[in-house]
Amino acid sequence: MSSPFRNSFLPRALPSLHAGRGRGWVRLSKRRFASLAHPPLAPPLQGGGFIALAFLLALAGCDREQRDMNGQPKAETAAFVPRGDPRSAEYENNAFHIAQGQKWFGWFNCSGCHFHGGGGMGPPLMDDQWRYGGRMEDIVASILYGRPNGMPDWRNKITEQQAWELAAYVKSLSAHPRQDALSARADEMSNTEPQTLQERQKVVPETKAQPSGEEN
Amino acid sequence: MRRRGASLMLLPLLALAGCGGIQTIGGREGREAALIDDLFTLFCIVTGLFFAAVMAFLFAAYWRRGGHRADRMPDEGATAPRDRGLRIALFAWTAAVIGGLMGLAVASFLTDRSLAYSTAAGRPVVSIELIGNQWWWEARYHFPDPSQNFRTANEIHLPTGSAAMITLKANDVIHSFWVPNLAGKQDLIPGRVTDIVLTPTKVGRYRAQCAEYCGLQHAHMALDVTVDTPADYARWLAAQTRPAAAPTTPQAIAGYRFFMTRQCSACHAVAGTPAGAGVGPDLTHLMSRRTIAAGTLPNGTGPLHAWIADPQGVKPGANMPYIGLDADELHNVVAYLETLK
Ligand SMILES: [Cu+2]
């Protein structure tokens, strides 16, 4: 029953891309092809008349679709979530919220672009590199307001609470979350041990992690 | 004191009132339930007879020994079976127990076999995929022509006289499917496919309940089962296969816009519209259902307002979040939902 688009990389929440039960797609393509199947019939013409008609026909080309070829990134839309939001402490390292976030991550097909944290069309979320900052507030801003190079904006598509829960889960993928807050079972298929069974890595002191330019 | 005793005696009587109606064990509205009920009746009769015999011997022994040996002296050998008659009786009793147990085992085996052969070859088979979620049911009707397939939620319709093959799956945790009026239980297990056959024989409305504890709202995970005549069933199928009609009143159109552009369409599907998400119940024919939120509320304008305004107040923990619509948005969206006949 499910439409063949359901498992594609399109986020489920972009409804316009999922025409209801596939019927819309069928109708659309039928209409398109119908117009192709009947090209305007030309009466037998000779010489000048033929050339004039050719020009007239060429005019039809003026209605071509617009194509944006240069693909410049759009201007930064990002609103931002101010630092020190009390929800940051409330959601981070909270077992319930992390588990909820894990559920939404699958429901809203974040995994379609980010896979299960390892990255695909979207950047990996389980490493320690952040394009837009790795604090809870930054992650929530990435989710709610989108990012210019392909991260959709989820405002009004999910609730704010869901955004914070998603951020708690995303953060738990890379940070060293408290073991008692982690879900012992990943929802997705996986060939690695659950995080709770993995050896904890030593936290590298910040001064060493960010060597200054002169030392290099 | 006497009063309390009397009311205690009344309790089991009250419990009896639970038998009968839309959700009852011992119902005989389906072929499978009737088979199980027959087996149960046989068990009750056989075990009842044996219980009565044991009780009879016990009381007989009590009356025979009653009143003697007031001196409390030991009475050696009084209980040893001395006469031949008693020995024969003991052998007969043992044989009866063994025979009775064997008989019950054979009866269970035969019932089990006839349950397994429910789908006799050649009969038209209704094919339904039933998926358990925390805490609602998704039903997908399958047809040889896949363009007829449709989804619905928290209700199924079945025709009388046909075997319905129900394939059971779970999305999150183990649930159990149980329509006591129609058949026994079958579990829904994540990552596995199980099935059960229902052959309803009597038109009516029955209630199924998740029968495996599955979390916070397990108690609010009911499924409305309607058994129709084949003609009514065909009518229902035809209605369900249609996509939703477009809204016409300004209020409903405003509600439609809200639904399609806001959170609702991230989770719900309405056939024939851009909303095609699959993680919440399909709402295409919402108003044809008798209840909402898996039997938590009756369906209707008031309950819909209550549910959408604050699902977490109605069914704490449910997977539909509190969205915080303002009054206009709420009225509009309910007006739209009410067009989904
Ligand atoms: Cu359940």
# chains A, B, ... in the order shown; residues from 1 in each chain; ligands from 1

call {"tool": "residues_near_ligand", "arguments": {"ligand": "ligand 1", "cutoff": "12 Å", "atoms": "only C-alpha atoms and all ligand atoms", "output": "PyMOL selection string"}}
result
chain B and resi 131-138+154+169-178+186-190+208-223+294+318

call {"tool": "interface_residues", "arguments": {"of": "chain B", "to": "chain A", "cutoff": "10 Å", "atoms": "only C-alpha atoms", "output": "PyMOL selection string"}}
result
chain B and resi 140-143+146-151+172+243+260-280+319+321-324

call {"tool": "select_by_dssp", "arguments": {"residues": "region 104-167 of chain A", "states": "alpha helix (DSSP H)", "output": "list in words"}}
result
Trp104, Phe105, Gly106, Trp107, Ser111, Gly112, Cys113, His114, Met136, Glu137, Asp138, Ile139, Val140, Ala141, Ser142, Ile143, Leu144, Tyr145, Glu160, Gln161, Gln162, Ala163, Trp164, Glu165, Leu166 and Ala167 of chain A

call {"tool": "select_by_dssp", "arguments": {"residues": "region 189-242 of chain B", "states": "strand (DSSP E or B)", "output": "number ranges by chain"}}
result
B: 190, 194-198, 200, 204-209, 222-228

call {"tool": "write_last_selection", "arguments": {"atoms": "N, CA, C and O atoms", "output": "short mmCIF file (atom, residue, chain, number, x, y, z; two decimals), in the first residue's frame"}}
result
data_model
loop_
_atom_site.label_atom_id
_atom_site.label_comp_id
_atom_site.auth_asym_id
_atom_site.auth_seq_id
_atom_site.Cartn_x
_atom_site.Cartn_y
_atom_site.Cartn_z
N PRO B 190 7.93 -7.40 17.24
CA PRO B 190 8.75 -6.61 16.33
C PRO B 190 9.75 -7.50 15.58
O PRO B 190 10.36 -8.39 16.18
N THR B 194 3.54 -12.68 12.44
CA THR B 194 2.68 -13.76 12.93
C THR B 194 1.33 -13.61 12.24
O THR B 194 1.10 -12.63 11.54
N ASP B 195 0.46 -14.57 12.41
CA ASP B 195 -0.86 -14.40 11.81
C ASP B 195 -1.93 -15.13 12.60
O ASP B 195 -1.65 -15.93 13.48
N ILE B 196 -3.15 -14.80 12.28
CA ILE B 196 -4.30 -15.45 12.92
C ILE B 196 -5.45 -15.39 11.92
O ILE B 196 -5.51 -14.48 11.10
N VAL B 197 -6.31 -16.41 11.97
CA VAL B 197 -7.45 -16.42 11.06
C VAL B 197 -8.72 -16.18 11.86
O VAL B 197 -8.93 -16.77 12.92
N LEU B 198 -9.56 -15.27 11.38
CA LEU B 198 -10.85 -15.02 12.00
C LEU B 198 -11.94 -15.39 10.99
O LEU B 198 -11.89 -14.96 9.84
N PRO B 200 -15.69 -14.82 11.27
CA PRO B 200 -16.86 -14.40 12.04
C PRO B 200 -18.14 -15.02 11.46
O PRO B 200 -18.24 -15.20 10.25
N GLY B 204 -22.23 -8.02 13.97
CA GLY B 204 -22.22 -7.32 15.24
C GLY B 204 -20.98 -6.47 15.37
O GLY B 204 -20.16 -6.38 14.48
N ARG B 205 -20.88 -5.82 16.54
CA ARG B 205 -19.75 -4.96 16.81
C ARG B 205 -19.01 -5.53 18.01
O ARG B 205 -19.63 -5.79 19.04
N TYR B 206 -17.72 -5.73 17.87
CA TYR B 206 -16.94 -6.33 18.95
C TYR B 206 -15.75 -5.43 19.27
O TYR B 206 -15.40 -4.54 18.51
N ARG B 207 -15.15 -5.71 20.42
CA ARG B 207 -14.04 -4.87 20.85
C ARG B 207 -12.83 -5.75 21.06
O ARG B 207 -12.91 -6.78 21.74
N ALA B 208 -11.71 -5.34 20.46
CA ALA B 208 -10.45 -6.03 20.71
C ALA B 208 -9.61 -5.15 21.61
O ALA B 208 -9.77 -3.94 21.61
N GLN B 209 -8.74 -5.77 22.35
CA GLN B 209 -7.92 -5.01 23.29
C GLN B 209 -6.52 -5.58 23.21
O GLN B 209 -6.35 -6.79 23.09
N ALA B 222 -7.43 -0.06 22.16
CA ALA B 222 -8.53 -0.92 21.76
C ALA B 222 -8.71 -0.86 20.25
O ALA B 222 -8.27 0.09 19.60
N LEU B 223 -9.34 -1.87 19.73
CA LEU B 223 -9.60 -1.93 18.29
C LEU B 223 -11.08 -2.25 18.12
O LEU B 223 -11.60 -3.16 18.74
N ASP B 224 -11.73 -1.44 17.28
CA ASP B 224 -13.16 -1.59 17.05
C ASP B 224 -13.35 -2.57 15.89
O ASP B 224 -12.89 -2.32 14.80
N VAL B 225 -14.01 -3.71 16.17
CA VAL B 225 -14.19 -4.71 15.13
C VAL B 225 -15.66 -4.77 14.74
O VAL B 225 -16.51 -4.99 15.59
N THR B 226 -15.95 -4.54 13.46
CA THR B 226 -17.32 -4.59 12.99
C THR B 226 -17.48 -5.76 12.04
O THR B 226 -16.74 -5.85 11.07
N VAL B 227 -18.42 -6.65 12.34
CA VAL B 227 -18.70 -7.75 11.43
C VAL B 227 -19.98 -7.41 10.67
O VAL B 227 -21.02 -7.16 11.26
N ASP B 228 -19.86 -7.33 9.34
CA ASP B 228 -20.96 -6.92 8.47
C ASP B 228 -21.46 -8.09 7.65
O ASP B 228 -20.75 -9.07 7.47
#

call {"tool": "atom_distance", "arguments": {"atom1": "CA of Met55 (chain B)", "atom2": "CA of Ala92 (chain B)"}}
result
16.7 Å

call {"tool": "residues_around", "arguments": {"residues": "region 81-88 of chain A", "least_positions_apart": "4", "cutoff": "8 Å", "atoms": "only C-alpha atoms", "output": "PDB file with C-alpha atoms, in the first residue's frame"}}
result
ATOM      1  CA  GLU A  92      20.832  17.193  27.344  1.00  0.00           C
ATOM      2  CA  MET A 136      22.467  22.286  22.198  1.00  0.00           C
ATOM      3  CA  GLU A 137      21.312  25.744  21.149  1.00  0.00           C
ATOM      4  CA  ASP A 138      23.220  25.530  17.840  1.00  0.00           C
ATOM      5  CA  VAL A 140      18.285  23.237  17.795  1.00  0.00           C
ATOM      6  CA  ALA A 141      18.830  26.229  15.511  1.00  0.00           C
ATOM      7  CA  TRP A 164      15.027  19.905  21.608  1.00  0.00           C
TER       8      TRP A 164
END

call {"tool": "residues_around", "arguments": {"residues": "region 25-29 of chain B", "least_positions_apart": "5", "cutoff": "10 Å", "atoms": "only C-alpha atoms", "output": "PyMOL selection string"}}
result
chain B and resi 18-20+34-38+40-41+160+179-184+199-204+206+227

call {"tool": "atom_distance", "arguments": {"atom1": "CA of Leu297 (chain B)", "atom2": "CA of Ala239 (chain B)"}}
result
23.3 Å

call {"tool": "atom_distance", "arguments": {"atom1": "CA of Arg113 (chain B)", "atom2": "CA of Ile45 (chain B)"}}
result
21.7 Å

call {"tool": "decode", "arguments": {"residues": "region 305-336 of chain B", "atoms": "N, CA and C atoms", "output": "short mmCIF file (atom, residue, chain, number, x, y, z; two decimals), in the first residue's frame"}}
result
data_model
loop_
_atom_site.label_atom_id
_atom_site.label_comp_id
_atom_site.auth_asym_id
_atom_site.auth_seq_id
_atom_site.Cartn_x
_atom_site.Cartn_y
_atom_site.Cartn_z
N HIS B 305 -11.99 18.16 19.38
CA HIS B 305 -11.40 19.39 19.93
C HIS B 305 -10.49 19.04 21.10
N ALA B 306 -11.01 18.23 22.02
CA ALA B 306 -10.25 17.90 23.21
C ALA B 306 -8.94 17.23 22.83
N TRP B 307 -9.02 16.28 21.89
CA TRP B 307 -7.84 15.50 21.52
C TRP B 307 -6.79 16.37 20.87
N ILE B 308 -7.19 17.21 19.92
CA ILE B 308 -6.19 17.97 19.17
C ILE B 308 -5.64 19.12 20.01
N ALA B 309 -6.49 19.68 20.90
CA ALA B 309 -6.01 20.76 21.75
C ALA B 309 -4.92 20.24 22.68
N ASP B 310 -5.10 19.04 23.22
CA ASP B 310 -4.10 18.54 24.17
C ASP B 310 -4.13 17.02 24.25
N PRO B 311 -3.49 16.36 23.29
CA PRO B 311 -3.49 14.89 23.31
C PRO B 311 -2.86 14.34 24.59
N GLN B 312 -1.89 15.08 25.12
CA GLN B 312 -1.19 14.58 26.31
C GLN B 312 -2.06 14.66 27.56
N GLY B 313 -3.09 15.51 27.53
CA GLY B 313 -4.01 15.55 28.65
C GLY B 313 -4.97 14.37 28.59
N VAL B 314 -5.36 13.99 27.37
CA VAL B 314 -6.32 12.91 27.19
C VAL B 314 -5.64 11.56 27.36
N LYS B 315 -4.45 11.43 26.81
CA LYS B 315 -3.77 10.13 26.76
C LYS B 315 -2.29 10.36 27.01
N PRO B 316 -1.90 10.61 28.27
CA PRO B 316 -0.52 11.00 28.55
C PRO B 316 0.48 9.97 28.01
N GLY B 317 1.49 10.48 27.32
CA GLY B 317 2.52 9.59 26.78
C GLY B 317 2.27 9.21 25.33
N ALA B 318 1.06 9.46 24.82
CA ALA B 318 0.76 9.09 23.43
C ALA B 318 1.74 9.79 22.50
N ASN B 319 1.92 9.22 21.32
CA ASN B 319 2.95 9.73 20.42
C ASN B 319 2.49 10.90 19.56
N MET B 320 1.35 11.45 19.87
CA MET B 320 0.96 12.70 19.21
C MET B 320 1.28 13.84 20.18
N PRO B 321 2.12 14.78 19.77
CA PRO B 321 2.59 15.79 20.73
C PRO B 321 1.56 16.90 20.96
N TYR B 322 1.76 17.62 22.05
CA TYR B 322 1.00 18.85 22.29
C TYR B 322 1.53 19.89 21.32
N ILE B 323 0.65 20.46 20.51
CA ILE B 323 1.13 21.38 19.48
C ILE B 323 0.85 22.83 19.84
N GLY B 324 -0.22 23.06 20.59
CA GLY B 324 -0.50 24.42 21.04
C GLY B 324 -1.16 25.26 19.96
N LEU B 325 -2.27 24.78 19.40
CA LEU B 325 -3.01 25.56 18.40
C LEU B 325 -3.77 26.66 19.11
N ASP B 326 -3.94 27.82 18.43
CA ASP B 326 -4.82 28.81 19.04
C ASP B 326 -6.27 28.46 18.68
N ALA B 327 -7.23 29.21 19.28
CA ALA B 327 -8.62 28.79 19.18
C ALA B 327 -9.10 28.69 17.74
N ASP B 328 -8.72 29.68 16.91
CA ASP B 328 -9.17 29.66 15.51
C ASP B 328 -8.62 28.46 14.77
N GLU B 329 -7.32 28.24 14.95
CA GLU B 329 -6.69 27.11 14.27
C GLU B 329 -7.38 25.80 14.65
N LEU B 330 -7.70 25.69 15.96
CA LEU B 330 -8.33 24.47 16.45
C LEU B 330 -9.69 24.26 15.79
N HIS B 331 -10.53 25.34 15.78
CA HIS B 331 -11.85 25.20 15.16
C HIS B 331 -11.72 24.86 13.68
N ASN B 332 -10.79 25.54 13.00
CA ASN B 332 -10.64 25.28 11.57
C ASN B 332 -10.23 23.85 11.29
N VAL B 333 -9.25 23.38 12.04
CA VAL B 333 -8.71 22.06 11.73
C VAL B 333 -9.76 20.99 12.04
N VAL B 334 -10.54 21.20 13.10
CA VAL B 334 -11.60 20.23 13.39
C VAL B 334 -12.67 20.29 12.30
N ALA B 335 -12.98 21.52 11.83
CA ALA B 335 -13.96 21.63 10.74
C ALA B 335 -13.46 20.86 9.52
N TYR B 336 -12.16 20.93 9.26
CA TYR B 336 -11.63 20.16 8.12
C TYR B 336 -11.73 18.66 8.39
#
